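Heads up, the thing below is written out as C-alpha cells.
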Amino acid sequence: METPLAFPALHASHAGIWMGSNGGHVQTIGKGEAAGRAAETPMVMLNAPLVAQRLGYPDLSGLDLLELYAFVYPARFAVPTPKGLAKMLNLPAPATDQDVPLFLLRAAQNLLSVLGDPAWAEREGAWDSAQALMRLRWPWANLVLAQLKKPERPERWLFSRLPEWEEAAPRTPPRVVTLQADAVQERLASLVGGSAETRQGQRDFAQAAAAIFAPRTRKGEPHILLAEAGTGIGKTLGYLAPASLWATAADGTVWISTFTKALQRQLVREAKRMYPDHETFKSKVVVRKGRENYLCLLNLEDALQGGFAGRAATLAHLVARWAAYSHDGDMIGGDLPGWLPTLFRRNGSTALTDRRGECIYAGCPHYKKCFIERAARSSVQAEIVIANHALMMVNAARGRDEQNRPSRIIFDEGHHLFDAADSMFAAALTGQETIELRRWVIGPEGKARGRRRGLSARLADVASYDEEGGLAIEMARVAAEALPGEGWLARLAEGTPSGPIERLLSAVRTMVFARDETNATESGYGLETELADPDPKVIDAAADAAIALEALARPLTVLGQRLEAMIADPPDWLDGSARARVEGAMASLSWRIDTLRAWISMLARAVGPVDPEYIDWLAIDRFEGREMDIGMHRRWLDPMKPVAEVLLKPSHGVLATSATLRSGGDWQNAEARTGASHLDKPATHFSAISPFDYKAQAEVLIVTDIKKGDAAALAGAYAALITASGGGVLGLFTAIRRLRSTYARIADRLARDGLPLYAQHVDPIDTGTLVDIFRDDPHASLLGTDALRDGVDVPGHSLRLVIMEQIPWPRPDILHRARRLKHGGMEYDDRIIRAKMAQAFGRLIRSAGDKGHFVLLSSAVPSRLLSAFPPGTPIRRVTLEEAVNSVKSGLSSDTNLRQDGANMLEASNPI
Ligand code: SF4
C-alpha cells in the first residue's frame, strides 16, 4: 500500500518554481522563498544539485528521489527526469511543470511501497544497508526503515553475495583456418536475419574484412585492411560475421575496439544476435575496459568502514547496493546510473575505483570476487572481446599480459586511434604526476585518510625475507622525499619551493609566465611555451631534478630485479597468493620505472639537444584563473610509430574502419592516422558509400548574417532555430565560454515555450545522462562541445537539427604547430576541420528514416571544406531568416531541396 508523505515536493525548471503538498495543492514560488522553505523542511525533489543550481542556492539538500530510486532499484537504468521515472515506475508522466511536484510525491510513495512488496527482487541486503544509512543520517532512512521488515535470518552481504571467478587452463593458440567466401556470406545472412536482405555494400565489406583472418605469411607483417564505410552500411555485422566465424573455427579471440560508449553498447546488442542464449553469450562475449572503470571492492570496503565521511559515505553505501546487483561492476559505462555520483558532486566516486594502480592482487581478501580480475579472466576464454582504444593502448604501452596479447584486432571508429595513442604514449613531468609517485612509494603522510599503503607496507614480507630487496625499498622511500609533497602549488605561488622537483617546477612556472604568447594570461586558461633555449635556472634545476629522479629509479630497478629473482627461485612461503601479489607489484613497479625513465629523458632534453621524434613544451594548467598543475610535457611527433611497433606488428590481422577513416584526406592520410604507414606489408583499402539518400534526408545551411563575436546575435540565432525546430537540436560549440553565454541568454525563454534546454559544462549532470535525457524527450535540446560531436547516437526524431556555431579550427597550440609543420600546413588543418565537420554531420542521419538540417552559424566557411559532407547533400548559403523558415517547414517538401548550384557537391567517393 502506498503511504502518503508528510513532506512537500519542490520542482524547479527554467520556466519557474513549483511547490506541492499531499493535499494536492500546488503553488508557484520565488527562488528566495523556495530556498528558505527547503532549509526549514526537507522537501522531495528530483536531482537536488540541479534544483540547487536552478535556485542559485548551492547548499540546497532534501529528499532526493533519485537517491531513493538508487536504493530501491540498484543497477536498473532510468532517465533522471519526471518522464523517465514515470516510465520506470509505470506511472502516468506529468504533462506540465505544474504537475511535477505532485508526481514526485506519488513516485516517492510508489518507491517506498515497493519495499514492502514480497516480489521485490533487490530486497537482499536492503535492511543492513538502510541501518547503516540511518547512522549516516540519510534523509530517506527513516521512511525506508518504516517500510522494511527486519529479515528473520542474517542476509548475505555484498562480499559473500558476489560469485567467485574460476581459474581456467591457459588457452591453446588458435588453429590455422581459412575462411571460405560463401561461409562468410552465410554467416552474415544469418546475423542480419532471415527476412531482411543484406545489402551489396555490407556483403562486400564482410568479404574484405574476412581477408584479415587469412594465415600470416611473414612474422611482423600482419594483414591490415583500412575500410571506410559510410553510415548505414551495417559495418558492425559486416565484420562480426567473419570475426565470429574465425573465432569459432580457430578457437581464438577477436578483439573489437571502439572509441565511444554508444558503439560499445551497440556492439553488445549485435553480438547478442550471434549468441541468443544468455549463458552462451556470457561465455563467448566479454566487454573489457580499463581497470580504472571498475569498482575496487577493497576500496569500497575501506570507504564503508570509515574511510569516507558525510555524503561520500552515503554514496559508498548506495554504490554497495548497486555492486551486489551489478552485471559487471563497471562504474563508468556499465549499469551504475551515470547520474548517481553527480548527486554527490562526484565526491568520492573516483576513490572507489583503482585509478592509481594500487591493487594488491592476491593479497586482497576480495581477489577471487574482484570485478576486474573476473573480466580479465573471462576475456582469455572468450571468442569476442569488446574493448576500447584506451585499453588497447594502455595494454600496449605497459606491456602487461604478454600471453593474451590481441592477435586479431578490429578497430571500429578507427579515426580516433591517433588521438587515443597520442595521450597514452605521452609523458608529463608535472606536480600532480610526481606527487602521485611520492604517495605510491611513501604511502599516506600527515592527516591523509584511506587504505593507501606505501611500498614498504605492501611488500613487508619481501623486505623481511630479502635483505637487498628491503634495502632497496628503504632507499626508494628516502629518495621519494625529493618529490613534491602536499601544498606544493601554494609553495610555488609563494616562491618557496621545497626539494629539487619543486625547484624545477618553480623555474618552469617563471619561464612559462615570461614567454607565453597565447594571450591567455588574462582569460584564466592554460599557458604554455616551447622547451627551446631554456632559462639558465630551468637548465640548472633540470640537472638537479634528473639526479633526484635517478636516485629513485635505481632502488626501484633493484627491487624489480629482486622480485623477479624471487619468482624464478621461490622461497617456501611464496604460495600461490603471495606469488600473484609479487607479480602484481612487479607490473606496477615496471610501469613506474618506465615513467621515471621517460621523465629523465625529458630532462636530458632540457639540458641537451632536441630529439626530432618528440615535441616538448612547458605548461601551466589553469581553470578559471586557478593554477591546477605545472610541468614539462612530451608527445611523440607521430604516436602511431610506437603503436605500430608494440601493437600492430606482433598481431596477425588488423582491420581499421570508420565512416570517416580518411578524415577528409586521402588513403595516405588514413595510413598515417592508423599506423599502417609504419608497416612493411602495405595495407589494403576498401570503401563503400552510405546507402542513405542525403539529397532527400538532409540539408546543410550556412548562415551568412551572424557577425563573429556578437554574443547576443549568436544566442538569438540559437533560440530562433530551436524554436523553429520545436527542440530536437544538438548545438555544438568550440568554446565553453560561448556555450555558457548562449545558454544563459536563452534557457529561460525556451523553457517557457515548453522547450527544455540542457548543456554540458553548465548542468550538474554527466554527459552520458545528458544524452539519455535528450534522447528521451523530442522537445529537448542539448548544447555541448567536443565529446558530443562524436559520441551521440540518437537515431529518429529526437535529433533533427545540428547547429555548429563556428568552423572547428584546431587549437593553435605548440603540439598542433609542430604536427602542422610536418604534415603540410594548411592542408593538415583542413583535414582536421573536415573530419570534425563530418563527425558532427554524422550525428544527424543515423538511419534510413532520419531527416534533418545541419546549420553552420558562420559565414566564413571556405568552399574547400564543404567536401566534409556526404556526396549529394544539398548545401545553401542563407540568411538566418531563411534558415529558420527552412527548419520550420522541415524537409518533406521539395522546396527545401533547392540546391545552391555553386556549392552543390558531386558524388566524389571512390569505391
Ligand atoms: S584485487 Fe585489486 S582491484 Fe580487485 S578488489 Fe582487490 S585491491 Fe581492488
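Lettering and numbering for the C-alpha cells are positional, with chains as A, B, ... in the shown order, residues counted from 1 in each chain, and ligands counted from 1 in the shown order.
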
**Message:** Can you pull out the residues contacting region 727-733 of chain A? Cut-off 10 Å, using only C-alpha atoms, and skip same-chain residues under 4 positions away; I want them as number ranges by chain.
**Reply:** A: 718-719, 721-723, 737-740, 742, 750, 754-759, 771, 774-775, 777-789, 792, 796-808, 840, 843-844, 852-856

Can you pull out every residue within 9 Å of Ala382 (chain A), counting only C-alpha atoms, but drop anything in the same chain fewer than 6 positions away, and send it as number ranges by chain?
A: 247, 252-254, 282-286

Can those selected residues be exported to a file as a PDB file, in the first residue's frame so that it contains all heavy atoms?
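The new file out_2.pdb reads:
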```pdb
ATOM      1  N   ALA A 247      36.664 -16.991 -35.053  1.00  0.00           N
ATOM      2  CA  ALA A 247      36.874 -17.277 -33.633  1.00  0.00           C
ATOM      3  C   ALA A 247      36.421 -18.691 -33.288  1.00  0.00           C
ATOM      4  O   ALA A 247      37.085 -19.412 -32.538  1.00  0.00           O
ATOM      5  CB  ALA A 247      36.135 -16.245 -32.787  1.00  0.00           C
ATOM      6  N   GLY A 252      39.882 -19.114 -31.307  1.00  0.00           N
ATOM      7  CA  GLY A 252      40.705 -17.954 -30.957  1.00  0.00           C
ATOM      8  C   GLY A 252      39.846 -16.783 -30.510  1.00  0.00           C
ATOM      9  O   GLY A 252      38.616 -16.901 -30.412  1.00  0.00           O
ATOM     10  N   THR A 253      40.490 -15.681 -30.238  1.00  0.00           N
ATOM     11  CA  THR A 253      39.775 -14.486 -29.754  1.00  0.00           C
ATOM     12  C   THR A 253      39.980 -13.337 -30.734  1.00  0.00           C
ATOM     13  O   THR A 253      41.103 -13.086 -31.165  1.00  0.00           O
ATOM     14  CB  THR A 253      40.328 -14.044 -28.381  1.00  0.00           C
ATOM     15  OG1 THR A 253      40.283 -15.168 -27.508  1.00  0.00           O
ATOM     16  CG2 THR A 253      39.527 -12.909 -27.792  1.00  0.00           C
ATOM     17  N   VAL A 254      38.898 -12.650 -31.044  1.00  0.00           N
ATOM     18  CA  VAL A 254      38.994 -11.424 -31.839  1.00  0.00           C
ATOM     19  C   VAL A 254      38.692 -10.249 -30.910  1.00  0.00           C
ATOM     20  O   VAL A 254      37.701 -10.268 -30.189  1.00  0.00           O
ATOM     21  CB  VAL A 254      37.989 -11.434 -33.012  1.00  0.00           C
ATOM     22  CG1 VAL A 254      38.106 -10.142 -33.818  1.00  0.00           C
ATOM     23  CG2 VAL A 254      38.209 -12.642 -33.911  1.00  0.00           C
ATOM     24  N   LYS A 282      27.364 -15.031 -22.462  1.00  0.00           N
ATOM     25  CA  LYS A 282      28.257 -14.628 -21.370  1.00  0.00           C
ATOM     26  C   LYS A 282      29.633 -15.290 -21.480  1.00  0.00           C
ATOM     27  O   LYS A 282      30.650 -14.712 -21.114  1.00  0.00           O
ATOM     28  CB  LYS A 282      27.633 -15.000 -20.026  1.00  0.00           C
ATOM     29  CG  LYS A 282      26.917 -13.805 -19.410  1.00  0.00           C
ATOM     30  CD  LYS A 282      26.155 -14.110 -18.166  1.00  0.00           C
ATOM     31  CE  LYS A 282      26.909 -14.836 -17.102  1.00  0.00           C
ATOM     32  NZ  LYS A 282      26.084 -15.204 -15.957  1.00  0.00           N
ATOM     33  N   SER A 283      29.648 -16.534 -21.984  1.00  0.00           N
ATOM     34  CA  SER A 283      30.943 -17.209 -22.063  1.00  0.00           C
ATOM     35  C   SER A 283      31.717 -16.830 -23.336  1.00  0.00           C
ATOM     36  O   SER A 283      32.928 -16.940 -23.381  1.00  0.00           O
ATOM     37  CB  SER A 283      30.762 -18.721 -21.992  1.00  0.00           C
ATOM     38  OG  SER A 283      30.069 -19.159 -23.139  1.00  0.00           O
ATOM     39  N   LYS A 284      30.996 -16.378 -24.357  1.00  0.00           N
ATOM     40  CA  LYS A 284      31.680 -16.102 -25.637  1.00  0.00           C
ATOM     41  C   LYS A 284      32.036 -14.634 -25.839  1.00  0.00           C
ATOM     42  O   LYS A 284      32.937 -14.316 -26.610  1.00  0.00           O
ATOM     43  CB  LYS A 284      30.773 -16.515 -26.824  1.00  0.00           C
ATOM     44  CG  LYS A 284      30.303 -17.952 -26.785  1.00  0.00           C
ATOM     45  CD  LYS A 284      31.356 -18.861 -27.315  1.00  0.00           C
ATOM     46  CE  LYS A 284      30.823 -20.276 -27.436  1.00  0.00           C
ATOM     47  NZ  LYS A 284      31.873 -21.253 -27.652  1.00  0.00           N
ATOM     48  N   VAL A 285      31.254 -13.742 -25.236  1.00  0.00           N
ATOM     49  CA  VAL A 285      31.472 -12.306 -25.481  1.00  0.00           C
ATOM     50  C   VAL A 285      31.781 -11.602 -24.163  1.00  0.00           C
ATOM     51  O   VAL A 285      31.033 -11.739 -23.196  1.00  0.00           O
ATOM     52  CB  VAL A 285      30.221 -11.657 -26.122  1.00  0.00           C
ATOM     53  CG1 VAL A 285      30.463 -10.176 -26.402  1.00  0.00           C
ATOM     54  CG2 VAL A 285      29.834 -12.387 -27.386  1.00  0.00           C
ATOM     55  N   VAL A 286      32.879 -10.879 -24.142  1.00  0.00           N
ATOM     56  CA  VAL A 286      33.265 -10.187 -22.911  1.00  0.00           C
ATOM     57  C   VAL A 286      33.546  -8.721 -23.235  1.00  0.00           C
ATOM     58  O   VAL A 286      34.174  -8.413 -24.244  1.00  0.00           O
ATOM     59  CB  VAL A 286      34.541 -10.840 -22.314  1.00  0.00           C
ATOM     60  CG1 VAL A 286      35.091 -10.014 -21.169  1.00  0.00           C
ATOM     61  CG2 VAL A 286      34.227 -12.232 -21.835  1.00  0.00           C
TER      62      VAL A 286
END
```

Point to revise | Point-to-point distance from CA of Asp766 (chain A) to CA of Leu343 (chain A), Å rounded to tenths | key: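 Between CA of Asp766 (chain A) and CA of Leu343 (chain A) the gap works out to 10.1 Å.
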
*Pick out the residues sitting within 10 Å of Lys681 (chain A), and hand them over as a PyMOL selection string; count only C-alpha atoms, and ignore anything fewer than 6 positions along from it in its own chain.*
chain A and resi 218+220-224+649

Residues of the last selection are to be written out with C-alpha atoms, as a PDB file, in the first residue's frame.
```
ATOM      1  CA  ARG A 218      55.687 -13.427 -42.544  1.00  0.00           C
ATOM      2  CA  GLY A 220      55.873  -8.874 -38.155  1.00  0.00           C
ATOM      3  CA  GLU A 221      53.704  -8.411 -41.245  1.00  0.00           C
ATOM      4  CA  PRO A 222      50.046  -8.602 -40.281  1.00  0.00           C
ATOM      5  CA  HIS A 223      47.260  -8.415 -42.822  1.00  0.00           C
ATOM      6  CA  ILE A 224      45.940  -4.909 -42.465  1.00  0.00           C
ATOM      7  CA  LYS A 649      53.461  -5.661 -35.852  1.00  0.00           C
TER       8      LYS A 649
END
```

| message | I'd like to know which residues of region 640-691 of chain A are strand (DSSP E) (by DSSP, run on the backbone); could you write them as a list in words? | response | Gly653, Val654, Leu655, Ala656, Thr657, Ser658, Thr684, His685, Phe686, Ser687 and Ala688 of chain A

Quick one: which chain A residues come within 12 Å of ligand 1, and what is the nearest atom pair for each with the distance in Å to one decimal, counting only C-alpha atoms and all ligand atoms, rows ordered by chain and ascending number, as CSV?
```
residue,atom,partner,partner_atom_place_in_ligand_line,distance
A:Phe159,CA,ligand 1,5 (S),10.3
A:Leu162,CA,ligand 1,5 (S),11.8
A:Glu164,CA,ligand 1,4 (Fe),11.9
A:Trp165,CA,ligand 1,1 (S),11.8
A:Gly290,CA,ligand 1,3 (S),11.4
A:Arg291,CA,ligand 1,3 (S),7.6
A:Glu292,CA,ligand 1,3 (S),9.0
A:Asn293,CA,ligand 1,3 (S),10.5
A:Tyr294,CA,ligand 1,3 (S),8.0
A:Leu295,CA,ligand 1,8 (Fe),7.4
A:Cys296,CA,ligand 1,8 (Fe),3.8
A:Leu297,CA,ligand 1,5 (S),4.0
A:Leu298,CA,ligand 1,5 (S),4.6
A:Asn299,CA,ligand 1,8 (Fe),6.3
A:Leu300,CA,ligand 1,5 (S),8.3
A:Glu301,CA,ligand 1,5 (S),9.1
A:Asp302,CA,ligand 1,8 (Fe),10.5
A:Ala323,CA,ligand 1,5 (S),11.9
A:Gly329,CA,ligand 1,5 (S),10.6
A:Asp330,CA,ligand 1,3 (S),12.0
A:Ala351,CA,ligand 1,8 (Fe),11.0
A:Leu352,CA,ligand 1,8 (Fe),8.8
A:Thr353,CA,ligand 1,3 (S),7.6
A:Asp354,CA,ligand 1,3 (S),5.8
A:Arg355,CA,ligand 1,3 (S),9.4
A:Arg356,CA,ligand 1,3 (S),10.3
A:Gly357,CA,ligand 1,3 (S),8.3
A:Glu358,CA,ligand 1,7 (S),6.9
A:Cys359,CA,ligand 1,2 (Fe),3.7
A:Ile360,CA,ligand 1,7 (S),5.1
A:Tyr361,CA,ligand 1,1 (S),4.3
A:Ala362,CA,ligand 1,1 (S),6.4
A:Gly363,CA,ligand 1,1 (S),7.6
A:Cys364,CA,ligand 1,6 (Fe),4.5
A:Pro365,CA,ligand 1,6 (Fe),6.7
A:His366,CA,ligand 1,6 (Fe),5.2
A:Tyr367,CA,ligand 1,1 (S),4.1
A:Lys368,CA,ligand 1,1 (S),7.5
A:Lys369,CA,ligand 1,5 (S),7.4
A:Cys370,CA,ligand 1,4 (Fe),4.3
A:Phe371,CA,ligand 1,4 (Fe),6.5
A:Ile372,CA,ligand 1,4 (Fe),5.9
A:Glu373,CA,ligand 1,4 (Fe),6.5
A:Arg374,CA,ligand 1,4 (Fe),9.1
A:Ala375,CA,ligand 1,4 (Fe),10.8
A:Ala376,CA,ligand 1,4 (Fe),11.0
A:Arg451,CA,ligand 1,7 (S),10.2
A:Arg452,CA,ligand 1,7 (S),10.5
A:Arg453,CA,ligand 1,7 (S),11.5
A:Arg458,CA,ligand 1,7 (S),11.5
A:Ser577,CA,ligand 1,1 (S),11.1
A:Ala580,CA,ligand 1,1 (S),10.3
A:Arg581,CA,ligand 1,1 (S),9.4
A:Gly584,CA,ligand 1,2 (Fe),9.3
A:Ala585,CA,ligand 1,2 (Fe),11.2
A:Ser588,CA,ligand 1,2 (Fe),11.9
```

Skip Met628 (chain A) itself and residues of its chain fewer than 5 positions away, then list as a VMD selection string all residues within 9 Å of it, counting only C-alpha atoms.
chain A and resid 432 489 620 to 623

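Ranking A:Pro101, A:Gly232, A:Gly726, A:Gly62 by their shortest atom-to-atom distance to Gln27 (chain A), with only C-alpha atoms included, puts A:Pro101 first.
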
Within 8 Å of Ser326 (chain A), counting only C-alpha atoms, which residues show up once you throw out same-chain ones fewer than 5 positions away? Write them as a PDB file with C-alpha atoms, in the first residue's frame, please.
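This went into out25.pdb:
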```pdb
ATOM      1  CA  PRO A  74      20.126  -0.526  -7.879  1.00  0.00           C
ATOM      2  CA  ALA A  75      21.592  -1.337 -11.320  1.00  0.00           C
ATOM      3  CA  ASP A 335      24.881  -0.335 -15.076  1.00  0.00           C
ATOM      4  CA  LEU A 336      25.739   2.184 -12.342  1.00  0.00           C
TER       5      LEU A 336
END
```
